[in-house]
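Next comes protein_2.txt, with compact mmCIF, C-alpha atoms (C1' of nucleotides).
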```
# COMPACT_ATOMS: atom_id res chain seq x y z
CA MET A 1 -27.31 -15.09 -2.68
CA THR A 2 -24.99 -14.61 -5.64
CA ILE A 3 -21.71 -12.76 -5.53
CA LYS A 4 -23.24 -9.98 -7.58
CA GLU A 5 -26.03 -9.42 -5.10
CA VAL A 6 -23.62 -9.32 -2.20
CA CYS A 7 -21.50 -6.83 -4.12
CA GLU A 8 -24.44 -4.57 -4.78
CA ARG A 9 -25.59 -4.80 -1.22
CA TYR A 10 -22.24 -3.73 0.20
CA HIS A 11 -20.89 -1.61 -2.66
CA ILE A 12 -17.86 -3.76 -3.06
CA SER A 13 -16.32 -5.50 -6.06
CA PRO A 14 -16.52 -9.26 -6.72
CA ASP A 15 -12.75 -9.27 -6.89
CA THR A 16 -12.52 -7.92 -3.38
CA LEU A 17 -14.98 -10.48 -2.13
CA ARG A 18 -13.03 -13.33 -3.72
CA TYR A 19 -9.84 -11.81 -2.38
CA TYR A 20 -11.24 -11.77 1.15
CA GLU A 21 -12.15 -15.39 0.81
CA ARG A 22 -8.77 -16.35 -0.61
CA VAL A 23 -6.79 -14.76 2.19
CA GLY A 24 -9.23 -15.97 4.83
CA ALA A 25 -10.83 -12.71 5.90
CA ILE A 26 -14.08 -14.61 5.44
CA PRO A 27 -14.47 -18.38 5.61
CA ALA A 28 -14.90 -20.50 2.45
CA VAL A 29 -18.23 -19.54 0.92
CA ASN A 30 -20.99 -22.04 0.18
CA ARG A 31 -21.12 -23.17 -3.48
CA THR A 32 -23.69 -24.53 -5.90
CA LYS A 33 -23.07 -27.92 -7.54
CA SER A 34 -21.31 -26.18 -10.40
CA GLY A 35 -18.96 -24.32 -8.11
CA VAL A 36 -20.67 -20.93 -8.17
CA ARG A 37 -20.59 -19.04 -4.89
CA ASP A 38 -23.95 -18.93 -3.15
CA TYR A 39 -23.70 -16.82 -0.01
CA THR A 40 -25.69 -18.07 2.98
CA GLU A 41 -26.79 -15.83 5.86
CA GLN A 42 -23.68 -16.88 7.73
CA ASP A 43 -21.49 -16.01 4.79
CA ILE A 44 -23.15 -12.62 4.60
CA GLY A 45 -22.48 -12.15 8.29
CA ALA A 46 -18.81 -12.83 7.75
CA VAL A 47 -18.71 -10.48 4.78
CA GLU A 48 -20.35 -7.74 6.78
CA ASN A 49 -17.91 -8.25 9.59
CA ALA A 50 -14.94 -8.01 7.24
CA ILE A 51 -16.27 -4.89 5.58
CA CYS A 52 -17.05 -3.15 8.86
CA MET A 53 -13.61 -3.84 10.22
CA ARG A 54 -11.87 -2.76 7.03
CA ASP A 55 -13.95 0.41 6.88
CA ALA A 56 -12.71 1.23 10.33
CA GLY A 57 -9.12 0.81 9.20
CA VAL A 58 -8.52 -2.59 10.75
CA PRO A 59 -5.82 -4.40 8.75
CA VAL A 60 -6.95 -7.41 6.74
CA GLU A 61 -4.53 -9.54 8.72
CA MET A 62 -6.52 -8.89 11.91
CA VAL A 63 -9.74 -9.84 10.20
CA VAL A 64 -8.05 -13.02 9.02
CA GLU A 65 -6.91 -13.79 12.54
CA TYR A 66 -10.40 -13.25 13.92
CA THR A 67 -11.91 -15.46 11.24
CA ARG A 68 -9.35 -18.16 12.01
CA LEU A 69 -10.32 -18.07 15.68
CA CYS A 70 -14.01 -18.29 14.80
CA ARG A 71 -13.35 -21.39 12.74
CA GLN A 72 -11.65 -23.02 15.69
CA GLY A 73 -14.83 -23.10 17.74
CA ASP A 74 -15.86 -22.37 21.29
CA GLU A 75 -12.44 -22.71 22.87
CA THR A 76 -11.42 -19.40 21.34
CA PHE A 77 -14.02 -17.13 22.95
CA CYS A 78 -11.41 -15.52 25.16
CA ALA A 79 -8.94 -15.08 22.35
CA ARG A 80 -11.60 -13.54 20.16
CA ARG A 81 -12.72 -11.16 22.86
CA ASP A 82 -9.13 -10.15 23.46
CA LEU A 83 -8.57 -9.59 19.77
CA LEU A 84 -11.67 -7.43 19.53
CA LYS A 85 -10.54 -5.48 22.58
CA ALA A 86 -7.18 -4.86 20.92
CA VAL A 87 -8.98 -3.72 17.78
CA ARG A 88 -11.07 -1.38 19.90
CA GLU A 89 -7.97 0.17 21.43
CA ASP A 90 -6.47 0.67 17.97
CA ILE A 91 -9.59 2.35 16.71
CA LEU A 92 -9.77 4.58 19.76
CA LYS A 93 -6.23 5.73 19.07
CA GLN A 94 -7.09 6.39 15.46
CA ILE A 95 -10.08 8.45 16.48
CA GLU A 96 -7.99 10.44 18.93
CA LYS A 97 -5.44 11.31 16.28
CA ARG A 98 -8.17 12.39 13.90
CA GLN A 99 -9.88 14.44 16.60
CA LYS A 100 -6.62 16.20 17.37
CA GLU A 101 -6.13 16.95 13.71
CA LEU A 102 -9.69 18.28 13.50
CA GLU A 103 -8.88 20.83 16.19
CA ARG A 104 -5.74 21.87 14.40
CA LEU A 105 -7.67 22.23 11.14
CA GLU A 106 -10.39 24.26 12.83
CA TYR A 107 -7.78 26.66 14.09
CA LYS A 108 -6.09 26.96 10.72
CA ILE A 109 -9.33 27.35 8.82
CA GLY A 110 -10.32 30.13 11.20
CA ARG A 111 -7.00 31.85 10.55
CA TYR A 112 -7.53 31.62 6.84
CA GLU A 113 -11.02 33.06 7.11
CA ILE A 114 -9.57 36.05 8.87
CA ALA A 115 -6.70 36.27 6.41
CA ILE A 116 -9.15 36.27 3.52
CA GLU A 117 -11.04 39.15 5.18
CA THR A 118 -8.02 41.24 6.04
CA GLY A 119 -5.75 40.07 3.24
CA GLU A 120 -3.06 39.14 5.70
CA LEU A 121 -2.18 36.14 7.75
CA SER A 122 -1.58 36.61 11.47
CA TRP A 123 -0.27 34.14 14.00
CA GLU A 124 -0.65 33.75 17.70
CA LYS A 125 3.08 33.83 18.31
CA PRO A 126 4.53 36.90 16.64
CA LEU A 127 7.68 36.45 14.55
CA PRO A 128 10.96 36.20 16.46
CA ALA A 129 12.52 39.61 16.78
CA GLY A 130 15.01 40.39 14.06
CA GLU A 131 13.08 38.58 11.37
CA ALA A 132 10.05 40.75 11.69
CA GLU A 133 10.62 42.59 8.46
CA GLU A 134 10.94 39.49 6.30
CA LYS A 135 7.23 38.95 6.20
CA GLU A 136 7.34 37.50 2.70
CA SER A 137 9.55 34.61 3.64
CA ARG A 138 7.28 33.48 6.44
CA GLU A 139 4.69 31.37 4.69
CA ILE A 140 2.00 29.70 6.72
CA THR A 141 2.21 25.96 7.16
CA MET B 1 18.37 21.32 13.64
CA THR B 2 19.75 18.15 12.07
CA ILE B 3 17.66 15.49 10.41
CA LYS B 4 18.41 13.18 13.30
CA GLU B 5 17.07 15.61 15.87
CA VAL B 6 13.90 16.14 13.88
CA CYS B 7 13.49 12.37 13.58
CA GLU B 8 13.87 11.89 17.30
CA ARG B 9 11.48 14.71 18.04
CA TYR B 10 8.73 13.29 15.86
CA HIS B 11 9.52 9.57 16.03
CA ILE B 12 9.92 9.31 12.33
CA SER B 13 12.70 7.94 10.13
CA PRO B 14 15.17 10.08 8.17
CA ASP B 15 14.08 8.24 5.06
CA THR B 16 10.52 9.32 5.57
CA LEU B 17 11.60 12.90 6.11
CA ARG B 18 13.66 12.90 2.92
CA TYR B 19 10.78 11.21 1.14
CA TYR B 20 8.39 13.95 2.23
CA GLU B 21 10.78 16.54 0.93
CA ARG B 22 11.31 14.73 -2.37
CA VAL B 23 7.61 14.43 -3.15
CA GLY B 24 6.89 17.93 -1.90
CA ALA B 25 4.93 17.19 1.25
CA ILE B 26 7.31 19.67 2.85
CA PRO B 27 9.19 22.41 1.01
CA ALA B 28 12.92 22.13 0.25
CA VAL B 29 14.76 22.15 3.55
CA ASN B 30 17.50 24.62 4.41
CA ARG B 31 21.06 23.24 3.99
CA THR B 32 24.52 23.86 5.38
CA LYS B 33 27.34 24.79 2.99
CA SER B 34 28.18 21.13 2.60
CA GLY B 35 24.64 20.19 1.64
CA VAL B 36 23.54 18.74 4.97
CA ARG B 37 19.93 19.44 5.91
CA ASP B 38 19.59 22.01 8.70
CA TYR B 39 15.92 22.39 9.62
CA THR B 40 14.82 25.93 10.48
CA GLU B 41 11.75 26.69 12.58
CA GLN B 42 9.74 27.04 9.40
CA ASP B 43 10.96 23.70 8.15
CA ILE B 44 9.95 22.15 11.44
CA GLY B 45 6.53 23.72 11.08
CA ALA B 46 6.10 22.12 7.68
CA VAL B 47 7.29 18.78 9.02
CA GLU B 48 4.85 18.96 11.89
CA ASN B 49 2.05 19.81 9.51
CA ALA B 50 2.84 16.86 7.26
CA ILE B 51 3.05 14.46 10.18
CA CYS B 52 -0.21 15.66 11.74
CA MET B 53 -2.07 15.28 8.49
CA ARG B 54 -0.60 11.87 7.76
CA ASP B 55 -1.37 10.70 11.28
CA ALA B 56 -4.96 11.63 10.64
CA GLY B 57 -5.01 9.54 7.50
CA VAL B 58 -4.76 12.38 5.01
CA PRO B 59 -3.12 11.10 1.81
CA VAL B 60 0.37 12.42 1.07
CA GLU B 61 -0.94 13.84 -2.18
CA MET B 62 -3.21 16.25 -0.26
CA VAL B 63 -0.31 17.37 1.89
CA VAL B 64 1.68 17.95 -1.28
CA GLU B 65 -1.14 20.01 -2.75
CA TYR B 66 -1.41 22.10 0.39
CA THR B 67 2.34 22.68 0.43
CA ARG B 68 2.23 23.70 -3.21
CA LEU B 69 -0.47 26.27 -2.45
CA CYS B 70 1.53 27.62 0.46
CA ARG B 71 4.52 28.14 -1.78
CA GLN B 72 2.41 30.13 -4.20
CA GLY B 73 1.81 32.91 -1.71
CA ASP B 74 -1.09 35.00 -0.52
CA GLU B 75 -3.31 34.53 -3.57
CA THR B 76 -4.03 30.98 -2.47
CA PHE B 77 -5.64 31.67 0.90
CA CYS B 78 -9.06 30.67 -0.39
CA ALA B 79 -7.78 27.56 -2.08
CA ARG B 80 -5.94 26.54 1.06
CA ARG B 81 -8.95 27.10 3.25
CA ASP B 82 -11.08 25.07 0.86
CA LEU B 83 -8.54 22.26 0.82
CA LEU B 84 -8.43 22.19 4.62
CA LYS B 85 -12.22 22.16 4.72
CA ALA B 86 -12.26 19.19 2.36
CA VAL B 87 -9.72 17.45 4.57
CA ARG B 88 -11.91 18.16 7.57
CA GLU B 89 -14.91 16.53 5.88
CA ASP B 90 -12.83 13.48 5.02
CA ILE B 91 -11.64 13.13 8.58
CA LEU B 92 -15.16 13.52 9.94
CA LYS B 93 -16.29 10.65 7.73
CA GLN B 94 -13.40 8.53 8.89
CA ILE B 95 -14.29 9.21 12.51
CA GLU B 96 -17.91 8.29 11.89
CA LYS B 97 -16.97 4.95 10.41
CA ARG B 98 -14.70 4.19 13.30
CA GLN B 99 -17.32 5.24 15.80
CA LYS B 100 -19.86 2.94 14.20
CA GLU B 101 -17.37 0.09 14.34
CA LEU B 102 -16.70 0.86 18.00
CA GLU B 103 -20.37 0.33 18.79
CA ARG B 104 -20.40 -2.94 16.90
CA LEU B 105 -17.30 -4.06 18.75
CA GLU B 106 -18.76 -3.08 22.09
CA TYR B 107 -21.78 -5.24 21.37
CA LYS B 108 -19.70 -8.21 20.28
CA ILE B 109 -17.28 -7.94 23.17
CA GLY B 110 -20.24 -7.91 25.53
CA ARG B 111 -21.57 -11.05 23.91
CA TYR B 112 -18.25 -12.77 24.29
CA GLU B 113 -18.04 -11.82 27.94
CA ILE B 114 -21.38 -13.50 28.49
CA ALA B 115 -20.38 -16.46 26.36
CA ILE B 116 -17.25 -16.91 28.43
CA GLU B 117 -19.37 -16.90 31.61
CA THR B 118 -22.04 -19.28 30.38
CA GLY B 119 -19.91 -21.23 27.95
CA GLU B 120 -22.34 -20.55 25.15
CA LEU B 121 -22.87 -17.87 22.61
CA SER B 122 -26.32 -16.36 22.30
CA TRP B 123 -27.63 -13.95 19.71
CA GLU B 124 -30.38 -11.42 19.62
CA LYS B 125 -32.07 -13.07 16.67
CA PRO B 126 -32.53 -16.76 17.43
CA LEU B 127 -31.56 -19.30 14.80
CA PRO B 128 -34.01 -19.74 11.94
CA ALA B 129 -36.36 -22.62 12.72
CA GLY B 130 -35.25 -25.92 11.30
CA GLU B 131 -31.58 -25.25 11.82
CA ALA B 132 -31.88 -25.01 15.55
CA GLU B 133 -30.21 -28.30 16.26
CA GLU B 134 -27.12 -27.64 14.12
CA LYS B 135 -25.59 -25.46 16.74
CA GLU B 136 -22.08 -26.50 15.85
CA SER B 137 -22.28 -25.15 12.33
CA ARG B 138 -23.41 -21.72 13.43
CA GLU B 139 -20.21 -19.95 14.31
CA ILE B 140 -20.28 -16.38 15.48
CA THR B 141 -18.94 -13.75 13.12
C1' DA C 1 -27.49 -26.69 -30.84
C1' DT C 2 -25.47 -22.53 -29.83
C1' DA C 3 -24.56 -18.16 -28.22
C1' DC C 4 -23.86 -15.59 -24.23
C1' DA C 5 -24.10 -13.63 -19.64
C1' DG C 6 -22.20 -14.44 -15.39
C1' DG C 7 -18.99 -16.72 -12.65
C1' DA C 8 -14.47 -19.29 -11.44
C1' DT C 9 -9.31 -19.49 -11.23
C1' DG C 10 -4.42 -18.44 -11.02
C1' DG C 11 -1.48 -15.15 -11.54
C1' DA C 12 0.13 -10.63 -12.81
C1' DG C 13 -0.27 -5.66 -12.15
C1' DT C 14 -1.14 -1.30 -9.50
C1' DA C 15 -1.16 2.52 -6.08
C1' DA C 16 0.33 4.40 -1.88
C1' DA C 17 3.69 5.14 1.40
C1' DC C 18 7.31 4.14 2.80
C1' DT C 19 12.05 1.59 3.49
C1' DC C 20 16.45 -0.08 2.20
C1' DC C 21 20.81 0.02 -0.16
C1' DA C 22 25.17 1.21 -2.56
C1' DA C 23 28.22 4.64 -3.43
C1' DG C 24 29.89 9.04 -2.52
C1' DT C 25 31.01 13.42 0.54
C1' DC C 26 32.55 15.76 4.44
C1' DA C 27 33.90 17.47 9.17
C1' DA C 28 36.14 16.20 13.30
C1' DG C 29 39.05 13.29 16.30
C1' DG C 30 43.33 10.50 16.89
C1' DC D 1 46.97 12.21 7.08
C1' DC D 2 43.65 8.86 7.87
C1' DT D 3 39.65 6.86 9.81
C1' DT D 4 35.07 7.14 11.41
C1' DG D 5 30.44 8.41 11.71
C1' DA D 6 26.74 11.10 10.01
C1' DC D 7 24.88 12.69 6.02
C1' DT D 8 23.84 12.83 0.82
C1' DT D 9 21.71 10.96 -3.61
C1' DG D 10 19.38 8.04 -6.96
C1' DG D 11 17.21 4.16 -7.43
C1' DA D 12 15.46 -0.32 -6.22
C1' DG D 13 12.65 -3.08 -3.03
C1' DT D 14 8.68 -3.91 0.25
C1' DT D 15 4.07 -4.05 2.19
C1' DT D 16 -0.80 -3.69 2.03
C1' DA D 17 -4.88 -4.12 -0.21
C1' DC D 18 -6.73 -4.53 -3.74
C1' DT D 19 -7.69 -4.78 -9.09
C1' DC D 20 -7.24 -6.57 -13.61
C1' DC D 21 -6.72 -10.12 -17.01
C1' DA D 22 -6.82 -14.31 -19.85
C1' DT D 23 -8.85 -18.46 -19.96
C1' DC D 24 -12.12 -21.73 -18.85
C1' DC D 25 -16.84 -23.46 -17.43
C1' DT D 26 -21.85 -23.65 -17.25
C1' DG D 27 -26.84 -22.75 -16.93
C1' DT D 28 -30.32 -20.52 -19.71
C1' DA D 29 -32.60 -18.35 -23.62
C1' DT D 30 -33.14 -18.38 -28.80
```
Go ahead and express the file in the form of structure tokens.
Amino acid sequence: MTIKEVCERYHISPDTLRYYERVGAIPAVNRTKSGVRDYTEQDIGAVENAICMRDAGVPVEMVVEYTRLCRQGDETFCARRDLLKAVREDILKQIEKRQKELERLEYKIGRYEIAIETGELSWEKPLPAGEAEEKESREIT
Amino acid sequence: MTIKEVCERYHISPDTLRYYERVGAIPAVNRTKSGVRDYTEQDIGAVENAICMRDAGVPVEMVVEYTRLCRQGDETFCARRDLLKAVREDILKQIEKRQKELERLEYKIGRYEIAIETGELSWEKPLPAGEAEEKESREIT
DNA sequence: ATACAGGATGGAGTAAACTCCAAGTCAAGG
DNA sequence: CCTTGACTTGGAGTTTACTCCATCCTGTAT
């Protein structure tokens, strides 16, 4: 499979693919006699792995580390599993943060919907006494 | 509240806080006579907003845009709601990608657990016929 | 034979989001 | 009065992850 085909398949640029190879996020790709990259099934597998991890926000460096372990053979099963477990924990944390932000957004969007209806923005906690009349200065954040 | 206190409260550096202010991710912070930042409750609210969004992977530029709308007053309620809705969609997509990667990881980790038990890595799809004996060259990705 | 599309390479450039630094200011303690 | 520590500013530097470019090579179609 040519670099172009791989690019089309994964909606990624040839530069990115070559970059991944250069830094070791995927192993050295199979070549034709004339030096043109010819991706094998294994190469594709590595590419897919790199793309999946990156899409999930895993730093390239982690992908590189995983790829390095893979190259080292069967003695690294434990290390690889541990790395993937660490990645999993990272991703879980990322999801949590995003979920928390979703809740916050939901709340704010709801407030805005009401504000758009009534023309005024109201908050759960009323303004501290003494500042109540300075409504203008209290912009929503 | 001093910059230091805000930093400690949100585990963020003073440089980042000043950076947010400079680029407009938070509005200009209240100052003492001598020019030292003295964060009011409103300032803190803006800081918290910026940090929450950033933690959820929202680009600074979006936070800046939201802050700009807030500064413009009540006419921007719709625009703000729409922006927050767009942010929500972005975050949902991010979560989906991460969730998909979690599944993939779960599968791989499971495989490795088995491989560590048996000392050998097995895959759902067996090797293509004719390459079966080159086990060594077929590294997991 | 030659033009050309597609690919290779090494290195430079870019965007985003900080992060660091030098030089200056200021309030409070000794 | 002087030192110290916390803060200020403007600007430069860093990191990550690409992305672009100039130049060179080569298999294929005219």
With chain C as the partner and 12 Å as the cut-off, tabulate the residues of chain A that qualify, each row holding the nearest pair of atoms and their distance in Å to one decimal, using only C-alpha atoms (C1' of nucleotides), sorted by chain and rising number, as a Markdown table.
```
| residue | atom | partner | partner_atom | distance |
| --- | --- | --- | --- | --- |
| A:Thr2 | CA | C:DG7 | C1' | 9.5 |
| A:Ile3 | CA | C:DG7 | C1' | 8.6 |
| A:Lys4 | CA | C:DG6 | C1' | 9.1 |
| A:Pro14 | CA | C:DG7 | C1' | 9.8 |
| A:Asp15 | CA | C:DA8 | C1' | 11.1 |
| A:Arg18 | CA | C:DA8 | C1' | 9.9 |
| A:Tyr19 | CA | C:DT9 | C1' | 11.7 |
| A:Arg22 | CA | C:DT9 | C1' | 11.1 |
| A:Arg31 | CA | C:DA8 | C1' | 11.1 |
| A:Thr32 | CA | C:DG7 | C1' | 11.3 |
| A:Ser34 | CA | C:DA8 | C1' | 9.8 |
| A:Gly35 | CA | C:DA8 | C1' | 7.5 |
| A:Val36 | CA | C:DG7 | C1' | 6.4 |
| A:Arg37 | CA | C:DG7 | C1' | 8.3 |
| A:Asp38 | CA | C:DG7 | C1' | 10.9 |
```
Can you list every residue of chain D that has an atom at most 10 Å from chain A, with its nearest atom pair and the distance in Å to one decimal, using only C-alpha atoms (C1' of nucleotides), ordered by chain then number, as a Markdown table?
```
| residue | atom | partner | partner_atom | distance |
| --- | --- | --- | --- | --- |
| D:DT16 | C1' | A:Pro59 | CA | 8.4 |
| D:DA17 | C1' | A:Val60 | CA | 8.0 |
| D:DC18 | C1' | A:Thr16 | CA | 6.7 |
| D:DT19 | C1' | A:Asp15 | CA | 7.1 |
| D:DC20 | C1' | A:Asp15 | CA | 9.1 |
| D:DC25 | C1' | A:Ser34 | CA | 8.8 |
| D:DT26 | C1' | A:Ser34 | CA | 7.3 |
| D:DG27 | C1' | A:Ser34 | CA | 9.2 |
```
Provide as a short mmCIF file (atom, residue, chain, number, x, y, z; two decimals) with C-alpha atoms, in the frame of the given file the residues of chain A at most 6 Å from chain B, counting only C-alpha atoms.
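Output saved as result-v6.cif:
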```
data_model
loop_
_atom_site.label_atom_id
_atom_site.label_comp_id
_atom_site.auth_asym_id
_atom_site.auth_seq_id
_atom_site.Cartn_x
_atom_site.Cartn_y
_atom_site.Cartn_z
CA ALA A 46 -18.81 -12.83 7.75
CA ALA A 56 -12.71 1.23 10.33
CA ARG A 81 -12.72 -11.16 22.86
CA ILE A 95 -10.08 8.45 16.48
CA LYS A 97 -5.44 11.31 16.28
CA ARG A 98 -8.17 12.39 13.90
CA ILE A 109 -9.33 27.35 8.82
CA TYR A 112 -7.53 31.62 6.84
CA THR A 141 2.21 25.96 7.16
#
```
What separation in Å, quoted to one decimal, exists between CA of Glu41 (chain B) and CA of Glu5 (chain B)?
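One can read the CA of Glu41 (chain B) to CA of Glu5 (chain B) distance as 12.7 Å.
For the atom pair formed by CA of Glu65 (chain A) and CA of Val23 (chain A), the distance is 10.4 Å, given to one decimal.
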Report, as JSON, the axis-aligned box around all atoms of region 97-112 of chain B present in the file, extended by 3 Å on each side; give centre and edge lengths in Å to one decimal place.
```
{"center_x": -18.2, "center_y": -3.8, "center_z": 18.0, "size_x": 13.1, "size_y": 24.0, "size_z": 21.1}
```
Quick one: distance from C1' of DT8 (chain D) to CA of Met62 (chain B) in Å, one decimal?
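Separation between C1' of DT8 (chain D) and CA of Met62 (chain B): 27.3 Å.
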